[in-house]
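**Student:** Submitted below is the structure of interest, expressed as structure tokens.
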Amino acid sequence: MKQYIVAGNWKMHKDVQEANLFVLNILKDLLNQKKIQIIICPSYTALFNIHELLKNTPIGLGGQNMHSQSKGAFTGEISGEMLMSAGCQYVILGHSERRHVFGEADDFIRDKVKQALAIGLKPIICVGEKLDERQSGQTLEVIRRQCDSALSVVTEHEIQHCVIAYEPVWAIGTGVVATPEQASEAHAMIRKLLATKYSKSTADSISILYGGSVKSSNAASLIQAPDIDGFLIGGASLLEDEFVKIAEIVDEYLKQKES
């Protein structure tokens with residue numbers, strides 16, 4: 001059954017002490033949100049400590065990236081097995097900053113997805129277009145290319161252990177957010193691609209998150225849009241009140257939807 005997810009990607013923020021304090025301050029509030037899956041993706045150095053704080057709770061822990069190999073001469077990299085040994089259940093792969101800042105190619109991301117699934121990590125697979133690609137009408141083409149590559153190694157059984165995140169590059173860290181209509185349109189494209197590759201019932205069971213300048217002031221309108229199943233949050237996940245509020249908004253939406 002499809003989960004609604006609120007995931008926080010801290011990127012390169014919060015040292016170990018800051019991360020501990022942040023989670024301690026919001027843990028009780030997050031545990032009150034019982035309808036949704038919450039995932040926290042801190043810096044690598046904070047993973048062990050955050051795992052201890054989240055242990056025996058339903059809140060998930062994720063890494064922000066991983067290498068496609070289990071081990072080797074890859075200075076500065078981290079393997080999926082290392083993430084799992086630190087308590088991770090999830091890993092973000094193909095984030096726009098990995099693609100466009102660090103130059104990760106589609107096939108490298110594909111290999112990471114394959115490795116994550118092979119060892120039991122749940123990948124949060126990010127796709128999305130740049131501003132010039134949207135303006136030139138290439139949104140669907142870009143999303144299709146990225147999905148086709150990343151999912152080319154994923155079976156119908158395995159896709160049910162994946163999360164897809166649509167993050168328009170032009171909306172990440174810019175303060176510009178896709179309208180609910182724009183986000184919903186892209187999510188519908190992804191859902192259709194999944195249905196074509198697998199089946200409609202499988203596609204309907206996959207969580208597709210929106211990421212791109214999500215905050216408490218726009219979360220309510222976005223979560224009500226068709227095919228949006230939660231959020232991958234950047235900047236707002238660094239703020240205690242904002243992250244909790246967004247989780248509350250999604251949880252309340254589900255309560256109302258089920259009543």
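Residues in the structure tokens are numbered from 1 in each chain, the chains being A, B, ... in the order shown, and ligands are numbered from 1 in the order shown.
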Which residues are near segment 230-236 of chain A? Cut-off 9 Å, only C-alpha atoms, ignore same chain within fewer than 4 positions. Put them as a PyMOL selection string.

**Tutor:** chain A and resi 3-11+36+165-167+172-173+207-216+219+222-223+240-243+246+250

**Student:** Store the residues picked out above in a file with N, CA and C atoms, as an mmCIF file, in the first residue's frame.

**Tutor:**
data_model
loop_
_atom_site.group_PDB
_atom_site.id
_atom_site.type_symbol
_atom_site.label_atom_id
_atom_site.label_comp_id
_atom_site.auth_asym_id
_atom_site.auth_seq_id
_atom_site.Cartn_x
_atom_site.Cartn_y
_atom_site.Cartn_z
ATOM 1 N N GLN A 3 2.622 4.628 0.673
ATOM 2 C CA GLN A 3 2.867 5.437 1.862
ATOM 3 C C GLN A 3 2.945 6.907 1.491
ATOM 4 N N TYR A 4 2.489 7.744 2.392
ATOM 5 C CA TYR A 4 2.777 9.170 2.285
ATOM 6 C C TYR A 4 4.022 9.433 3.119
ATOM 7 N N ILE A 5 4.959 10.163 2.545
ATOM 8 C CA ILE A 5 6.294 10.295 3.128
ATOM 9 C C ILE A 5 6.662 11.766 3.268
ATOM 10 N N VAL A 6 7.276 12.101 4.386
ATOM 11 C CA VAL A 6 7.909 13.406 4.568
ATOM 12 C C VAL A 6 9.366 13.139 4.917
ATOM 13 N N ALA A 7 10.258 13.466 3.990
ATOM 14 C CA ALA A 7 11.688 13.184 4.166
ATOM 15 C C ALA A 7 12.468 14.490 4.225
ATOM 16 N N GLY A 8 13.397 14.560 5.144
ATOM 17 C CA GLY A 8 14.242 15.740 5.293
ATOM 18 C C GLY A 8 15.655 15.458 4.826
ATOM 19 N N ASN A 9 16.117 16.189 3.831
ATOM 20 C CA ASN A 9 17.483 16.074 3.318
ATOM 21 C C ASN A 9 18.283 17.258 3.849
ATOM 22 N N TRP A 10 19.142 16.989 4.834
ATOM 23 C CA TRP A 10 19.877 18.075 5.486
ATOM 24 C C TRP A 10 21.050 18.590 4.664
ATOM 25 N N LYS A 11 21.422 17.857 3.608
ATOM 26 C CA LYS A 11 22.567 18.246 2.786
ATOM 27 C C LYS A 11 23.803 18.454 3.680
ATOM 28 N N ILE A 36 1.906 8.975 8.491
ATOM 29 C CA ILE A 36 2.923 9.159 7.467
ATOM 30 C C ILE A 36 4.240 8.491 7.863
ATOM 31 N N ALA A 165 11.270 10.666 -6.385
ATOM 32 C CA ALA A 165 11.124 12.073 -5.987
ATOM 33 C C ALA A 165 11.286 12.955 -7.217
ATOM 34 N N TYR A 166 10.239 13.731 -7.523
ATOM 35 C CA TYR A 166 10.336 14.712 -8.611
ATOM 36 C C TYR A 166 10.809 16.020 -8.013
ATOM 37 N N GLU A 167 11.955 16.495 -8.495
ATOM 38 C CA GLU A 167 12.503 17.753 -7.997
ATOM 39 C C GLU A 167 12.949 18.604 -9.185
ATOM 40 N N ILE A 172 14.860 24.193 -6.706
ATOM 41 C CA ILE A 172 15.601 23.707 -5.540
ATOM 42 C C ILE A 172 16.495 24.805 -4.984
ATOM 43 N N GLY A 173 16.191 25.213 -3.754
ATOM 44 C CA GLY A 173 16.990 26.234 -3.093
ATOM 45 C C GLY A 173 16.851 27.618 -3.683
ATOM 46 N N SER A 207 5.205 5.515 -4.011
ATOM 47 C CA SER A 207 5.186 6.885 -3.484
ATOM 48 C C SER A 207 6.016 7.791 -4.383
ATOM 49 N N ILE A 208 5.404 8.874 -4.852
ATOM 50 C CA ILE A 208 6.112 9.863 -5.660
ATOM 51 C C ILE A 208 6.100 11.176 -4.886
ATOM 52 N N LEU A 209 7.282 11.627 -4.487
ATOM 53 C CA LEU A 209 7.422 12.815 -3.652
ATOM 54 C C LEU A 209 7.731 14.034 -4.503
ATOM 55 N N TYR A 210 7.353 15.200 -3.987
ATOM 56 C CA TYR A 210 7.756 16.457 -4.620
ATOM 57 C C TYR A 210 8.848 17.093 -3.782
ATOM 58 N N GLY A 211 9.887 17.626 -4.441
ATOM 59 C CA GLY A 211 10.942 18.358 -3.751
ATOM 60 C C GLY A 211 11.285 19.615 -4.512
ATOM 61 N N GLY A 212 11.376 20.720 -3.819
ATOM 62 C CA GLY A 212 11.717 21.989 -4.462
ATOM 63 C C GLY A 212 11.081 23.159 -3.752
ATOM 64 N N SER A 213 11.804 23.726 -2.774
ATOM 65 C CA SER A 213 11.337 24.892 -2.015
ATOM 66 C C SER A 213 10.008 24.631 -1.310
ATOM 67 N N VAL A 214 9.855 23.396 -0.794
ATOM 68 C CA VAL A 214 8.671 23.080 0.009
ATOM 69 C C VAL A 214 8.803 23.736 1.377
ATOM 70 N N LYS A 215 7.740 24.363 1.825
ATOM 71 C CA LYS A 215 7.687 24.919 3.176
ATOM 72 C C LYS A 215 6.259 24.828 3.692
ATOM 73 N N SER A 216 6.068 25.203 4.954
ATOM 74 C CA SER A 216 4.738 25.033 5.551
ATOM 75 C C SER A 216 3.687 25.891 4.857
ATOM 76 N N ALA A 219 2.848 23.694 1.579
ATOM 77 C CA ALA A 219 2.700 22.240 1.679
ATOM 78 C C ALA A 219 1.246 21.797 1.554
ATOM 79 N N LEU A 222 0.119 21.793 -2.102
ATOM 80 C CA LEU A 222 0.828 20.776 -2.877
ATOM 81 C C LEU A 222 0.337 19.366 -2.547
ATOM 82 N N ILE A 223 0.141 19.065 -1.271
ATOM 83 C CA ILE A 223 -0.206 17.694 -0.897
ATOM 84 C C ILE A 223 -1.598 17.323 -1.374
ATOM 85 N N GLU A 240 13.317 23.440 12.891
ATOM 86 C CA GLU A 240 12.483 22.567 13.716
ATOM 87 C C GLU A 240 11.000 22.800 13.479
ATOM 88 N N ASP A 241 10.557 24.033 13.624
ATOM 89 C CA ASP A 241 9.130 24.339 13.506
ATOM 90 C C ASP A 241 8.606 24.041 12.112
ATOM 91 N N GLU A 242 9.401 24.348 11.096
ATOM 92 C CA GLU A 242 8.955 24.139 9.717
ATOM 93 C C GLU A 242 8.803 22.649 9.408
ATOM 94 N N PHE A 243 9.780 21.860 9.766
ATOM 95 C CA PHE A 243 9.723 20.435 9.448
ATOM 96 C C PHE A 243 8.542 19.771 10.155
ATOM 97 N N ILE A 246 5.211 20.869 8.482
ATOM 98 C CA ILE A 246 4.950 20.184 7.209
ATOM 99 C C ILE A 246 4.468 18.758 7.467
ATOM 100 N N VAL A 250 0.717 17.149 6.312
ATOM 101 C CA VAL A 250 0.497 15.923 5.532
ATOM 102 C C VAL A 250 -0.306 14.917 6.350
#

**Student:** Quick one: everything within 10 Å of Tyr198 of chain A, counting only C-alpha atoms, minus sequence neighbours fewer than 3 positions away in the same chain. Send it as a list in words.

**Tutor:**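 Contacts, in chain order: Val154, Thr155, Glu156, His157, Ile159, Lys192, Leu193, Leu194, Ala195, Ser201, Thr202 and Ala203 of chain A.
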
**Student:** Give the answer as one residue: which of A:Val127, A:Pro42, A:Pro168, A:Asp132 has the shortest atom-to-atom distance to Cys88 of chain A, using only C-alpha atoms?

**Tutor:**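 Looking at the shortest contact to Cys88 of chain A, the residue is A:Pro42.
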
**Student:** Between A:Ile59, A:Leu238, A:Ala86, A:Met189, which has the minimum distance to Leu21 of chain A (counting only C-alpha atoms)?

**Tutor:** A:Leu238

**Student:** Which residues come within 12 Å of Arg144 of chain A, counting only C-alpha atoms, excluding same-chain residues fewer than 6 positions away, as a PDB file with C-alpha atoms, in the first residue's frame?

**Tutor:**
ATOM      1  CA  ASP A 106      22.537   8.472 -15.564  1.00  0.00           C
ATOM      2  CA  VAL A 127      14.431  12.985 -11.261  1.00  0.00           C
ATOM      3  CA  GLY A 128      13.728  16.447 -12.647  1.00  0.00           C
ATOM      4  CA  GLU A 129      14.431  18.991 -15.333  1.00  0.00           C
ATOM      5  CA  GLN A 138      11.666  18.911 -22.651  1.00  0.00           C
ATOM      6  CA  ALA A 150      17.474   4.335 -13.220  1.00  0.00           C
ATOM      7  CA  LEU A 151      14.708   1.734 -13.481  1.00  0.00           C
ATOM      8  CA  SER A 152      16.254  -0.331 -16.260  1.00  0.00           C
ATOM      9  CA  TYR A 166      10.336  14.712  -8.611  1.00  0.00           C
ATOM     10  CA  ALA A 186       5.053  15.867 -13.708  1.00  0.00           C
ATOM     11  CA  HIS A 187       3.991  13.299 -11.107  1.00  0.00           C
ATOM     12  CA  ALA A 188       1.294  12.020 -13.457  1.00  0.00           C
ATOM     13  CA  MET A 189       3.976  11.603 -16.142  1.00  0.00           C
ATOM     14  CA  ILE A 190       6.081   9.523 -13.744  1.00  0.00           C
ATOM     15  CA  ARG A 191       3.077   7.445 -12.687  1.00  0.00           C
ATOM     16  CA  LYS A 192       2.269   6.755 -16.350  1.00  0.00           C
ATOM     17  CA  LEU A 193       5.881   5.735 -17.051  1.00  0.00           C
ATOM     18  CA  LEU A 194       5.740   3.328 -14.103  1.00  0.00           C
ATOM     19  CA  THR A 196       3.864   1.326 -18.790  1.00  0.00           C
ATOM     20  CA  LYS A 197       7.001  -0.382 -17.497  1.00  0.00           C
TER      21      LYS A 197
END

**Student:** Find the residues around Thr57 of chain A up to 12 Å (only C-alpha atoms counted), leave out those fewer than 2 positions away in its own chain, and share them as a ChimeraX atom specification.

**Tutor:** /A:27-28,30-34,37-39,50-55,59-61

**Student:** Which polymer residues have any atom within 10 Å of an atom of Glu185 of chain A, counting only C-alpha atoms, with same-chain residues fewer than 4 positions away left out, as JSON, numbers by chain?

**Tutor:** {"A": [140, 179, 180, 181, 189, 190, 191, 225, 226, 227, 228]}

**Student:** Kindly save the residues from that selection, with C-alpha atoms included, as a PDB file, in the first residue's frame.

**Tutor:**
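result31.pdb, written as the output of this step:
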ATOM      1  CA  LEU A 140       8.718  14.785 -20.144  1.00  0.00           C
ATOM      2  CA  THR A 179       2.660  25.233  -8.749  1.00  0.00           C
ATOM      3  CA  PRO A 180       0.475  22.338  -7.608  1.00  0.00           C
ATOM      4  CA  GLU A 181      -0.594  21.988 -11.239  1.00  0.00           C
ATOM      5  CA  MET A 189       3.976  11.603 -16.142  1.00  0.00           C
ATOM      6  CA  ILE A 190       6.081   9.523 -13.744  1.00  0.00           C
ATOM      7  CA  ARG A 191       3.077   7.445 -12.687  1.00  0.00           C
ATOM      8  CA  ALA A 225      -2.706  17.889  -5.754  1.00  0.00           C
ATOM      9  CA  PRO A 226      -3.221  14.562  -7.554  1.00  0.00           C
ATOM     10  CA  ASP A 227      -0.337  12.064  -7.548  1.00  0.00           C
ATOM     11  CA  ILE A 228       1.726  13.901  -4.892  1.00  0.00           C
TER      12      ILE A 228
END

**Student:** Return as JSON, numbers by chain the full set of residues in segment 211-259 of chain A whose backbone-based DSSP assignment is alpha helix (DSSP H).

**Tutor:** {"A": [216, 217, 218, 219, 220, 221, 222, 223, 240, 241, 242, 243, 244, 245, 246, 247, 248, 249, 250, 251, 252, 253, 254, 255, 256, 257, 258]}

**Student:** Identify which of the residues A:Gly80, A:Gly175, A:Gly103, A:Gly137 lies closest to Ser68 of chain A, counting only C-alpha atoms when measuring atom-to-atom distances.

**Tutor:**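 Residue with the minimum atom-to-atom distance to Ser68 of chain A: A:Gly80.
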
**Student:** Among segment 165-251 of chain A, which residues does DSSP mark as strand (DSSP E or B) when it is run on the backbone? Keep the chain and numbering as in the structure and answer as a ChimeraX atom specification.

**Tutor:** /A:165-166,208-210,230-233

**Student:** Can you work out which one of A:Asn49, A:Glu248, A:Asn218, A:Val169 has the shortest atom-to-atom distance to Leu24 of chain A, counting only C-alpha atoms?

**Tutor:**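 Smallest distance to Leu24 of chain A is found for A:Asn49.
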
**Student:** Kindly indicate which residue among A:Gln135, A:Ser70, A:Asn65, A:Ser85 lies nearest to Phe102 of chain A, using only C-alpha atoms for the distances.

**Tutor:** A:Asn65

**Student:** For a quick check of understanding, using only C-alpha atoms, which of A:Ala220, A:Ile78, A:Val23, A:Leu93 has the smallest distance to Asp107 of chain A?

**Tutor:**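 That would be A:Leu93, the residue with the smallest distance to Asp107 of chain A.
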